[in-house]
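The data block below is model_20.csv; it holds CSV, C-alpha atoms and all ligand atoms.
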chain,number,residue,atom,x,y,z
H,1,MET,CA,14.7,-18.9,16.6
H,2,TYR,CA,12.8,-18.6,13.4
H,3,LYS,CA,12.9,-16.0,10.7
H,4,SER,CA,10.1,-15.1,8.3
H,5,ARG,CA,10.4,-15.3,4.6
H,6,ILE,CA,8.0,-14.2,1.8
H,7,LEU,CA,7.1,-17.5,0.1
H,8,GLY,CA,4.8,-16.1,-2.5
H,9,VAL,CA,3.1,-12.8,-3.7
H,10,GLY,CA,0.0,-12.1,-5.7
H,11,HIS,CA,-2.2,-9.3,-6.8
H,12,TYR,CA,-5.4,-8.3,-8.5
H,13,VAL,CA,-6.7,-5.0,-9.9
H,14,PRO,CA,-10.2,-4.3,-11.2
H,15,GLU,CA,-10.7,-4.5,-14.9
H,16,ARG,CA,-11.9,-1.0,-15.4
H,17,THR,CA,-9.1,1.2,-16.6
H,18,VAL,CA,-9.4,5.0,-16.1
H,19,THR,CA,-7.2,7.2,-18.2
H,20,ASN,CA,-6.2,10.8,-17.5
H,21,ASP,CA,-8.4,11.9,-20.4
H,22,ASP,CA,-11.3,10.1,-18.6
H,23,LEU,CA,-10.6,12.2,-15.5
H,24,SER,CA,-10.5,15.4,-17.5
H,25,LYS,CA,-14.1,14.8,-18.4
H,26,MET,CA,-15.0,14.7,-14.7
H,27,MET,CA,-12.9,17.6,-13.4
H,28,ASP,CA,-10.7,20.4,-14.4
H,29,THR,CA,-7.5,18.5,-15.1
H,30,ASN,CA,-5.5,17.3,-18.0
H,31,ASN,CA,-3.1,14.5,-19.1
H,32,ASP,CA,0.0,16.7,-19.2
H,33,TRP,CA,-0.5,18.0,-15.6
H,34,ILE,CA,-1.1,14.5,-14.2
H,35,VAL,CA,1.8,12.9,-16.0
H,36,GLU,CA,4.2,15.7,-15.1
H,37,ARG,CA,3.2,16.1,-11.4
H,38,THR,CA,2.5,12.4,-10.6
H,39,GLY,CA,3.8,10.1,-13.3
H,40,ILE,CA,0.4,8.4,-13.5
H,41,ARG,CA,-1.1,7.6,-17.0
H,42,THR,CA,-3.8,5.2,-16.1
H,43,ARG,CA,-5.2,3.6,-13.0
H,44,HIS,CA,-7.9,1.0,-12.2
H,45,TRP,CA,-11.1,1.8,-10.5
H,46,PHE,CA,-13.6,-0.7,-9.2
H,47,THR,CA,-17.0,-1.4,-10.8
H,48,PRO,CA,-19.8,-1.2,-8.2
H,49,GLY,CA,-21.6,-4.5,-7.9
H,50,VAL,CA,-18.6,-6.4,-9.3
H,51,ASP,CA,-15.5,-5.6,-7.3
H,52,THR,CA,-15.2,-5.6,-3.6
H,53,VAL,CA,-12.2,-5.3,-1.3
H,54,THR,CA,-13.0,-8.9,-0.3
H,55,ASN,CA,-13.2,-10.4,-3.8
H,56,MET,CA,-10.1,-8.5,-5.0
H,57,SER,CA,-8.1,-9.7,-2.0
H,58,LYS,CA,-9.4,-13.2,-2.6
H,59,LYS,CA,-7.9,-13.2,-6.1
H,60,ALA,CA,-4.6,-11.8,-4.9
H,61,THR,CA,-4.5,-14.3,-2.1
H,62,GLU,CA,-5.2,-17.3,-4.4
H,63,MET,CA,-2.3,-16.2,-6.6
H,64,ALA,CA,0.0,-15.7,-3.6
H,65,LEU,CA,-0.9,-19.1,-2.2
H,66,GLU,CA,-0.3,-20.8,-5.5
H,67,ARG,CA,3.1,-19.2,-6.0
H,68,ALA,CA,4.0,-20.1,-2.5
H,69,GLY,CA,3.0,-23.7,-3.0
H,70,VAL,CA,0.9,-23.3,0.2
H,71,GLY,CA,-2.7,-24.4,0.7
H,72,ALA,CA,-5.4,-22.3,2.5
H,73,GLU,CA,-5.5,-25.0,5.2
H,74,ASP,CA,-1.8,-24.2,6.0
H,75,ILE,CA,-2.4,-20.5,6.9
H,76,ASP,CA,-2.3,-19.9,10.7
H,77,PHE,CA,-3.3,-16.2,10.8
H,78,ILE,CA,-4.5,-13.4,8.5
H,79,ILE,CA,-3.4,-9.7,8.7
H,80,PHE,CA,-5.4,-7.4,6.5
H,81,ALA,CA,-4.3,-3.9,5.9
H,82,THR,CA,-7.0,-1.6,4.6
H,83,ILE,CA,-8.5,1.8,5.3
H,84,THR,CA,-11.4,1.1,2.9
H,85,PRO,CA,-13.1,-2.1,4.3
H,86,ASP,CA,-16.3,-3.4,2.7
H,87,TYR,CA,-18.1,-3.0,6.0
H,88,PHE,CA,-17.7,-0.5,8.8
H,89,ILE,CA,-17.9,-3.5,11.1
H,90,PRO,CA,-16.5,-6.2,11.0
H,91,GLY,CA,-13.1,-5.8,9.3
H,92,ASN,CA,-12.1,-7.3,6.0
H,93,GLY,CA,-9.9,-10.1,7.5
H,94,VAL,CA,-12.9,-12.1,8.6
H,95,LEU,CA,-14.6,-11.6,5.2
H,96,LEU,CA,-11.5,-13.1,3.5
H,97,GLN,CA,-11.4,-15.9,6.1
H,98,ARG,CA,-15.0,-16.8,5.1
H,99,GLU,CA,-14.4,-16.3,1.4
H,100,LEU,CA,-11.4,-18.6,1.1
H,101,ASN,CA,-12.7,-21.2,3.6
H,102,PHE,CA,-9.6,-20.8,5.8
H,103,ARG,CA,-9.7,-22.6,9.1
H,104,ASN,CA,-11.1,-20.6,12.1
H,105,ILE,CA,-7.8,-18.8,12.4
H,106,GLY,CA,-7.4,-15.3,13.8
H,107,ALA,CA,-7.9,-12.4,11.4
H,108,LEU,CA,-6.6,-9.0,12.3
H,109,ASP,CA,-7.4,-5.7,10.5
H,110,ILE,CA,-5.0,-2.8,10.6
H,111,ARG,CA,-5.6,0.8,9.5
H,112,ASN,CA,-2.3,2.3,8.8
H,113,ALA,CA,-3.1,3.6,5.3
H,114,CYS,CA,-0.1,3.8,2.9
H,115,SER,CA,2.2,2.2,5.5
H,116,GLY,CA,-0.3,-0.5,6.2
H,117,PHE,CA,1.4,-3.3,4.3
H,118,ILE,CA,4.7,-2.8,6.0
H,119,TYR,CA,3.0,-2.5,9.4
H,120,ALA,CA,1.2,-5.8,8.6
H,121,LEU,CA,4.4,-7.4,7.5
H,122,SER,CA,6.1,-6.4,10.8
H,123,ILE,CA,3.3,-7.9,12.9
H,124,ALA,CA,3.4,-11.1,10.9
H,125,ASP,CA,7.2,-11.2,11.3
H,126,GLN,CA,6.9,-10.9,15.1
H,127,PHE,CA,4.3,-13.8,15.3
H,128,ILE,CA,6.6,-16.0,13.2
H,129,LYS,CA,9.8,-15.1,15.1
H,130,THR,CA,8.3,-16.0,18.4
H,131,GLY,CA,7.2,-19.3,17.1
H,132,MET,CA,3.5,-18.6,17.6
H,133,TYR,CA,2.6,-19.1,13.9
H,134,LYS,CA,4.3,-20.9,11.0
H,135,LYS,CA,2.4,-19.3,8.1
H,136,VAL,CA,0.8,-15.9,8.0
H,137,LEU,CA,-1.2,-14.3,5.2
H,138,VAL,CA,-0.6,-10.5,4.8
H,139,VAL,CA,-2.9,-8.5,2.6
H,140,GLY,CA,-3.0,-4.9,1.5
H,141,ALA,CA,-6.2,-4.0,-0.4
H,142,GLU,CA,-8.2,-0.8,-1.1
H,143,ILE,CA,-11.1,0.6,-3.0
H,144,GLN,CA,-10.2,4.3,-2.8
H,145,SER,CA,-12.1,5.5,-5.8
H,146,SER,CA,-15.5,5.6,-4.0
H,147,ALA,CA,-14.0,8.0,-1.4
H,148,LEU,CA,-12.7,10.5,-4.0
H,149,ASP,CA,-14.2,13.9,-4.6
H,150,LYS,CA,-14.3,13.8,-8.4
H,151,SER,CA,-15.2,17.5,-8.7
H,152,ASP,CA,-12.6,20.3,-9.4
H,153,GLU,CA,-12.2,20.7,-5.6
H,154,GLY,CA,-11.0,17.2,-5.1
H,155,ARG,CA,-8.8,16.9,-8.2
H,156,SER,CA,-5.4,16.8,-6.5
H,157,SER,CA,-6.4,13.6,-4.7
H,158,ALA,CA,-8.8,12.2,-7.3
H,159,VAL,CA,-6.1,11.9,-9.9
H,160,ILE,CA,-3.7,9.9,-7.7
H,161,PHE,CA,-5.7,7.3,-5.8
H,162,ALA,CA,-6.9,4.0,-7.2
H,163,ASP,CA,-8.0,0.5,-6.4
H,164,GLY,CA,-6.3,-2.9,-6.1
H,165,ALA,CA,-5.2,-5.7,-3.9
H,166,GLY,CA,-1.9,-7.5,-3.1
H,167,ALA,CA,-1.1,-10.4,-0.9
H,168,ALA,CA,2.0,-12.2,0.5
H,169,VAL,CA,2.3,-15.5,2.2
H,170,LEU,CA,5.0,-15.5,5.0
H,171,GLY,CA,6.5,-18.7,6.3
H,172,ALA,CA,8.8,-19.6,9.1
H,173,VAL,CA,12.3,-20.6,8.0
H,174,GLU,CA,15.5,-21.4,9.9
H,175,SER,CA,17.4,-18.3,11.0
H,176,ASP,CA,20.3,-18.9,8.5
H,177,GLN,CA,17.8,-18.7,5.6
H,178,PRO,CA,17.0,-15.6,3.5
H,179,GLY,CA,14.1,-13.7,5.0
H,180,ILE,CA,13.0,-10.5,6.8
H,181,LEU,CA,16.0,-8.8,8.4
H,182,SER,CA,14.1,-5.9,10.2
H,183,THR,CA,11.1,-3.6,10.1
H,184,HIS,CA,10.9,0.0,11.3
H,185,LEU,CA,7.6,1.7,12.2
H,186,HIS,CA,6.9,5.3,13.0
H,187,SER,CA,4.0,7.8,13.4
H,188,GLN,CA,3.4,11.4,14.0
H,189,GLY,CA,-0.3,12.1,14.7
H,190,GLN,CA,0.1,15.9,14.9
H,191,TYR,CA,-0.4,15.8,11.1
H,192,ALA,CA,-3.5,13.5,11.1
H,193,GLU,CA,-5.6,16.0,9.3
H,194,GLU,CA,-3.2,16.7,6.4
H,195,LEU,CA,-4.5,13.5,4.8
H,196,TYR,CA,-7.7,12.1,6.2
H,197,CYS,CA,-11.3,11.1,5.7
H,198,LYS,CA,-13.3,12.7,8.6
H,199,ASP,CA,-16.6,10.9,8.3
H,200,PRO,CA,-18.3,8.6,9.0
H,201,GLY,CA,-16.7,8.9,12.5
H,202,SER,CA,-18.1,7.7,15.9
H,203,SER,CA,-17.8,10.9,17.9
H,204,ARG,CA,-20.7,12.6,16.2
H,205,GLU,CA,-24.4,12.3,17.1
H,206,VAL,CA,-25.1,10.2,14.1
H,207,ARG,CA,-22.6,8.5,11.8
H,208,ILE,CA,-24.1,9.8,8.6
H,209,SER,CA,-26.0,13.0,8.3
H,210,GLN,CA,-27.3,15.2,5.5
H,211,GLU,CA,-24.7,17.8,6.6
H,212,MET,CA,-21.9,15.4,6.1
H,213,ILE,CA,-23.1,14.5,2.7
H,214,ASP,CA,-23.6,18.2,1.7
H,215,SER,CA,-20.2,19.2,3.0
H,216,GLY,CA,-18.4,16.3,1.4
H,217,SER,CA,-16.7,15.4,4.7
H,218,PHE,CA,-16.7,11.7,3.8
H,219,PHE,CA,-14.3,12.4,0.9
H,220,VAL,CA,-10.5,11.9,1.3
H,221,LYS,CA,-8.9,15.3,2.0
H,222,MET,CA,-5.2,15.8,1.3
H,223,ASN,CA,-2.9,18.7,1.7
H,224,GLY,CA,-0.7,17.4,-1.1
H,225,ASN,CA,2.1,19.9,-0.7
H,226,ALA,CA,2.6,19.2,3.0
H,227,VAL,CA,2.3,15.5,2.6
H,228,PHE,CA,4.9,15.6,-0.2
H,229,LYS,CA,7.4,17.6,1.9
H,230,HIS,CA,7.2,15.3,4.9
H,231,ALA,CA,7.2,12.2,2.6
H,232,VAL,CA,10.6,12.9,1.0
H,233,VAL,CA,12.2,13.4,4.4
H,234,ARG,CA,10.7,10.4,6.2
H,235,PHE,CA,11.3,8.0,3.3
H,236,MET,CA,15.0,8.8,3.4
H,237,GLU,CA,15.2,8.6,7.2
H,238,VAL,CA,13.4,5.3,7.5
H,239,ILE,CA,15.4,3.6,4.7
H,240,GLN,CA,18.7,4.8,6.3
H,241,GLU,CA,17.4,3.5,9.7
H,242,ALA,CA,16.9,0.1,8.2
H,243,LEU,CA,20.3,0.1,6.5
H,244,ASP,CA,22.1,1.3,9.6
H,245,HIS,CA,20.3,-1.3,11.8
H,246,ASN,CA,21.7,-4.0,9.6
H,247,GLY,CA,25.1,-2.5,9.0
H,248,LEU,CA,24.5,-2.2,5.3
H,249,ASP,CA,25.3,0.5,2.8
H,250,LYS,CA,22.7,1.8,0.3
H,251,SER,CA,24.7,0.2,-2.5
H,252,ALA,CA,23.8,-3.2,-1.1
H,253,ILE,CA,20.1,-2.7,-2.1
H,254,ASP,CA,19.2,-4.9,-5.1
H,255,LEU,CA,15.6,-3.6,-5.4
H,256,LEU,CA,13.9,-0.7,-3.7
H,257,VAL,CA,10.1,-1.0,-3.7
H,258,PRO,CA,8.7,2.3,-2.5
H,259,HIS,CA,5.1,2.9,-1.7
H,260,GLN,CA,3.7,4.3,-5.0
H,261,ALA,CA,2.6,7.7,-3.9
H,262,ASN,CA,3.9,9.9,-6.6
H,263,LEU,CA,6.6,9.1,-9.2
H,264,ARG,CA,8.4,12.3,-8.2
H,265,ILE,CA,8.8,11.0,-4.7
H,266,SER,CA,10.2,7.7,-5.9
H,267,GLN,CA,12.6,9.5,-8.2
H,268,TYR,CA,13.8,11.8,-5.4
H,269,ILE,CA,14.6,8.8,-3.2
H,270,GLN,CA,16.3,7.0,-6.0
H,271,GLN,CA,18.5,10.0,-6.7
H,272,LYS,CA,19.4,10.4,-3.0
H,273,LEU,CA,20.2,6.7,-2.7
H,274,GLU,CA,22.2,6.9,-6.0
H,275,LEU,CA,20.4,3.8,-7.3
H,276,PRO,CA,20.2,3.0,-11.0
H,277,ASP,CA,16.8,2.7,-12.6
H,278,GLU,CA,16.9,-1.1,-12.6
H,279,LYS,CA,17.1,-1.1,-8.8
H,280,VAL,CA,13.9,0.9,-8.2
H,281,PHE,CA,10.5,-0.6,-9.0
H,282,ASN,CA,7.7,1.7,-10.0
H,283,ASN,CA,4.3,0.8,-11.4
H,284,ILE,CA,2.4,4.0,-10.4
H,285,MET,CA,2.3,4.9,-14.1
H,286,HIS,CA,-0.3,2.3,-14.9
H,287,LEU,CA,-1.8,1.6,-11.4
H,288,GLY,CA,-1.9,4.9,-9.5
H,289,ASN,CA,-1.7,5.0,-5.7
H,290,THR,CA,-3.6,2.1,-4.2
H,291,THR,CA,-2.6,3.0,-0.6
H,292,ALA,CA,-2.0,-0.3,1.4
H,293,GLY,CA,-2.1,-2.2,-1.9
H,294,THR,CA,0.8,-0.6,-3.6
H,295,ILE,CA,3.7,-2.5,-2.1
H,296,PRO,CA,2.4,-6.1,-2.4
H,297,ILE,CA,1.1,-5.3,-5.9
H,298,ALA,CA,4.5,-4.0,-6.8
H,299,LEU,CA,6.3,-7.0,-5.3
H,300,SER,CA,4.0,-9.3,-7.2
H,301,GLU,CA,4.6,-7.5,-10.5
H,302,ALA,CA,8.4,-7.2,-9.9
H,303,TRP,CA,8.5,-10.9,-9.2
H,304,GLU,CA,6.5,-11.7,-12.4
H,305,GLN,CA,8.9,-9.6,-14.4
H,306,GLY,CA,11.9,-11.5,-13.1
H,307,LYS,CA,13.2,-8.4,-11.3
H,308,ILE,CA,13.5,-10.2,-7.9
H,309,LYS,CA,15.8,-13.2,-7.6
H,310,GLU,CA,16.4,-15.5,-4.7
H,311,GLY,CA,18.6,-13.9,-2.0
H,312,ASP,CA,18.2,-10.4,-3.4
H,313,LEU,CA,18.2,-7.6,-0.8
H,314,ILE,CA,14.8,-5.9,-1.1
H,315,CYS,CA,14.0,-2.6,0.6
H,316,LEU,CA,10.4,-1.6,1.2
H,317,ALA,CA,9.5,1.9,2.4
H,318,ALA,CA,6.2,3.8,2.8
H,319,PHE,CA,4.8,7.1,4.0
H,320,GLY,CA,1.2,8.3,4.3
H,321,SER,CA,-1.8,9.3,6.3
H,322,GLY,CA,-1.3,9.6,10.1
H,323,PHE,CA,1.4,10.5,9.4
H,324,THR,CA,2.8,7.0,9.5
H,325,TRP,CA,5.9,5.7,7.8
H,326,ALA,CA,7.8,2.4,7.8
H,327,SER,CA,10.5,0.4,6.1
H,328,ALA,CA,11.5,-3.2,5.8
H,329,LEU,CA,14.7,-4.9,4.7
H,330,LEU,CA,14.6,-8.5,3.6
H,331,ASN,CA,16.4,-11.1,1.6
H,332,TRP,CA,14.1,-12.7,-1.0
H,401,LIG,O1,0.1,8.0,-0.6
H,401,LIG,C1,-0.1,8.7,0.5
H,401,LIG,C2,0.7,9.9,0.6
H,401,LIG,N1,0.4,10.8,-0.5
H,401,LIG,C3,1.4,11.5,-1.1
H,401,LIG,O2,2.5,11.2,-0.8
H,401,LIG,C4,1.0,12.5,-2.1
H,401,LIG,C5,1.9,13.7,-2.0
H,401,LIG,N2,1.6,14.8,-2.8
H,401,LIG,C6,1.6,14.8,-4.1
H,401,LIG,O3,1.8,13.8,-4.7
H,401,LIG,C7,1.3,16.1,-4.8
H,401,LIG,O4,1.4,17.2,-3.9
H,401,LIG,C8,0.0,16.2,-5.6
H,401,LIG,C9,0.1,15.3,-6.9
H,401,LIG,C10,-1.2,15.8,-4.8
H,401,LIG,C11,-0.2,17.6,-6.1
H,401,LIG,O5,1.0,18.0,-6.9
H,401,LIG,P1,1.7,19.4,-6.6
H,401,LIG,O6,2.8,19.4,-7.6
H,401,LIG,O7,2.1,19.4,-5.2
H,401,LIG,O8,0.7,20.4,-7.0
H,401,LIG,P2,0.1,21.6,-6.1
H,401,LIG,O9,-0.9,21.1,-5.1
H,401,LIG,O10,1.2,22.5,-5.6
H,401,LIG,O11,-0.7,22.4,-7.2
H,401,LIG,C12,-0.1,23.2,-8.2
H,401,LIG,C13,-1.1,23.7,-9.1
H,401,LIG,C14,-2.2,24.5,-8.4
H,401,LIG,O12,-2.6,25.6,-9.2
H,401,LIG,P3,-2.1,27.1,-8.9
H,401,LIG,O13,-2.5,27.4,-7.5
H,401,LIG,O14,-0.6,27.0,-9.1
H,401,LIG,O15,-2.8,27.9,-10.0
H,401,LIG,C15,-3.3,23.5,-8.3
H,401,LIG,O16,-4.6,24.1,-8.2
H,401,LIG,O17,-1.8,22.7,-9.8
H,401,LIG,C16,-3.2,22.8,-9.6
H,401,LIG,N3,-3.7,21.4,-9.5
H,401,LIG,C17,-4.1,20.8,-10.6
H,401,LIG,N4,-4.2,21.1,-11.9
H,401,LIG,C18,-4.6,20.2,-12.8
H,401,LIG,C19,-3.9,20.6,-8.5
H,401,LIG,N5,-4.4,19.4,-8.9
H,401,LIG,C20,-4.5,19.5,-10.2
H,401,LIG,C21,-5.0,18.6,-11.1
H,401,LIG,N6,-5.0,19.0,-12.4
H,401,LIG,N7,-5.4,17.3,-10.8
Hey, can you dump this file as structure tokens for me?
Ligand code: UT7
Amino acid sequence: MYKSRILGVGHYVPERTVTNDDLSKMMDTNNDWIVERTGIRTRHWFTPGVDTVTNMSKKATEMALERAGVGAEDIDFIIFATITPDYFIPGNGVLLQRELNFRNIGALDIRNACSGFIYALSIADQFIKTGMYKKVLVVGAEIQSSALDKSDEGRSSAVIFADGAGAAVLGAVESDQPGILSTHLHSQGQYAEELYCKDPGSSREVRISQEMIDSGSFFVKMNGNAVFKHAVVRFMEVIQEALDHNGLDKSAIDLLVPHQANLRISQYIQQKLELPDEKVFNNIMHLGNTTAGTIPIALSEAWEQGKIKEGDLICLAAFGSGFTWASALLNW
């Protein structure tokens, strides 16, 4: 029986930095409100004609492959987590397969929003554990800024979401080696409309209409308060589930890498788990919330900063649109 281990992580964010003051010129908001309510000071937004989900994920993947010491020819499968693909059809996995000249391997897109990377990691883990694949590329990448309503009406979402890509190369290792211990996935669709993007959808007469454009139904809509309240509960539950499953105490965690939704959510979880600052990784302050991108980008930054050492117990946890939520425990 094999286990899967993260062999390398990489990330890329667009060059364009958007400050809170920049946002205050677009909508009725201000730096103090954004910092106090979200922790965010700057974020990166894409430049049309320059950045795409595909080319950002290409750069993140190249970094992950290099750090893993793995060639593109060694990858057996691609799992691409995004809710903002470059095309409506086909998905982004095949575009990355083309871009990086991978062999004609399978490419799977998944649409699990903020939990997307952990869902993707879990799928990769199952393929590796069954022996079907030896090396799987897992990507989380988004361009959210083009789906944001940058008027006063959309300000609570527009100030938090951002763009970026992260990637991880997973490889099969012997079962006594460090690697993924378990993953835990959940959903509760009754809250789908609390955080969603209604259009373009298939169950309307046409996919894009003037009415949709006029009503702004293609923008991300979020009931921030409701999402926040569910998030803090589910984050704790799913982290505890992972610890219990492995017979571990919260004090065993060396580094918690939470989905970067809002710094206040991370701080709440940190307090509940009684973890010191050095055991929780946050980068929302300079990157905002990049949905499926946040966890692999954070892992890549934490690794670069020497905050992850071989064998460390890492806890990943996420909550978002769906609602979906998920956790993973792994030894690095
Ligand atoms: O990643 C996927 C999952 N997403 C999340 O987990 C996000 C969860 N939610 C949140 O992070 C927070 O709810 C937000 C950051 C979105 C909003 O923060 P909040 O502390 O929940 O603010 P609020 O919605 O309760 O609004 C408080 C006040 C309101 O004004 P009144 O009614 O008290 O006069 C809002 O109109 O702040 C106002 N407000 C703003 N003011 C300045 C809302 N957005 C802004 C803004 N700038 N951008």
* To do: List the neighbours of range 10-22 of chain H out to 7 Å using only C-alpha atoms; skip same-chain residues closer than 6 positions along the sequence, and give me the result as a ChimeraX atom specification.
  => /H:30-31,41-47,51,56,59-61,63-64,163-168,297,300
Polymer residues at most 10 Å from Leu275 in chain H, all atoms listed in the file, same-chain spacing of 2 or more positions, as a compact mmCIF listing (two decimals) with C-alpha atoms, in the frame of the given file:
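Heads up, here's the output in result.txt:
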# COMPACT_ATOMS: atom_id res chain seq x y z
CA LYS H 250 22.70 1.80 0.30
CA SER H 251 24.70 0.20 -2.50
CA ALA H 252 23.80 -3.20 -1.10
CA ILE H 253 20.10 -2.70 -2.10
CA ASP H 254 19.20 -4.90 -5.10
CA LEU H 255 15.60 -3.60 -5.40
CA LEU H 256 13.90 -0.70 -3.70
CA GLN H 267 12.60 9.50 -8.20
CA ILE H 269 14.60 8.80 -3.20
CA GLN H 270 16.30 7.00 -6.00
CA GLN H 271 18.50 10.00 -6.70
CA LYS H 272 19.40 10.40 -3.00
CA LEU H 273 20.20 6.70 -2.70
CA ASP H 277 16.80 2.70 -12.60
CA GLU H 278 16.90 -1.10 -12.60
CA LYS H 279 17.10 -1.10 -8.80
CA VAL H 280 13.90 0.90 -8.20
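In terms of minimum interatomic distance to Gly311 in chain H, H:Leu329 ranks closest within H:Met285, H:Leu108, H:Ile295, H:Leu329, counting all atoms listed in the file.
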* Please write out the residues within 7 Å of ligand LIG 401 (chain H) as JSON, numbers by chain, counting all atoms listed in the file. => {"H": [28, 29, 30, 33, 34, 37, 38, 114, 155, 156, 157, 159, 160, 224, 225, 227, 228, 231, 260, 261, 262, 289, 291, 319, 320, 321]}
* **Closest of H:Met222, H:Leu181, H:Leu23, H:Met212 to Leu195 in chain H - atom-to-atom distances counting all atoms listed in the file** => H:Met222
* Can you pull out every residue within 9 Å of Asp199 in chain H, counting only C-alpha atoms, but drop anything in the same chain fewer than 4 positions away, and send it as a PyMOL selection string? => chain H and resi 207-208+212+216-219
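Using all atoms listed in the file for every distance, the candidate list H:Val53, H:Thr130, H:Ile105, H:Gly179 yields H:Val53 as the residue closest to Ser145 in chain H.
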* Structure fact -> Restricting to all atoms listed in the file, whichever of H:Asn101, H:Ser327, H:Gln144, H:Ser202 is closest to Pro85 in chain H is H:Gln144
Generate the coordinates of N, CA, C and O atoms for range 228-239 of chain H; report them as a compact mmCIF listing (two decimals), in the frame of the given file.
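So part24.txt came out as:
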# COMPACT_ATOMS: atom_id res chain seq x y z
N PHE H 228 3.74 15.79 0.65
CA PHE H 228 4.90 15.60 -0.20
C PHE H 228 6.20 15.95 0.54
O PHE H 228 7.17 15.19 0.55
N LYS H 229 6.18 17.10 1.18
CA LYS H 229 7.40 17.60 1.90
C LYS H 229 7.83 16.66 2.99
O LYS H 229 9.01 16.40 3.18
N HIS H 230 6.86 16.20 3.77
CA HIS H 230 7.20 15.30 4.90
C HIS H 230 7.63 13.91 4.28
O HIS H 230 8.54 13.27 4.80
N ALA H 231 6.96 13.49 3.22
CA ALA H 231 7.20 12.20 2.60
C ALA H 231 8.69 12.03 2.24
O ALA H 231 9.36 11.06 2.60
N VAL H 232 9.21 13.01 1.52
CA VAL H 232 10.60 12.90 1.00
C VAL H 232 11.60 12.77 2.16
O VAL H 232 12.57 12.02 2.07
N VAL H 233 11.33 13.48 3.24
CA VAL H 233 12.20 13.40 4.40
C VAL H 233 12.13 12.07 5.10
O VAL H 233 13.13 11.40 5.38
N ARG H 234 10.91 11.66 5.39
CA ARG H 234 10.70 10.40 6.20
C ARG H 234 11.11 9.18 5.41
O ARG H 234 11.63 8.22 6.00
N PHE H 235 10.84 9.17 4.10
CA PHE H 235 11.30 8.00 3.30
C PHE H 235 12.79 7.80 3.47
O PHE H 235 13.25 6.70 3.73
N MET H 236 13.54 8.88 3.32
CA MET H 236 15.00 8.80 3.40
C MET H 236 15.42 8.32 4.79
O MET H 236 16.27 7.44 4.95
N GLU H 237 14.83 8.93 5.81
CA GLU H 237 15.20 8.60 7.20
C GLU H 237 14.96 7.12 7.50
O GLU H 237 15.82 6.46 8.08
N VAL H 238 13.80 6.64 7.09
CA VAL H 238 13.40 5.30 7.50
C VAL H 238 14.18 4.22 6.69
O VAL H 238 14.44 3.11 7.18
N ILE H 239 14.58 4.57 5.48
CA ILE H 239 15.40 3.60 4.70
C ILE H 239 16.81 3.60 5.32
O ILE H 239 17.39 2.54 5.51
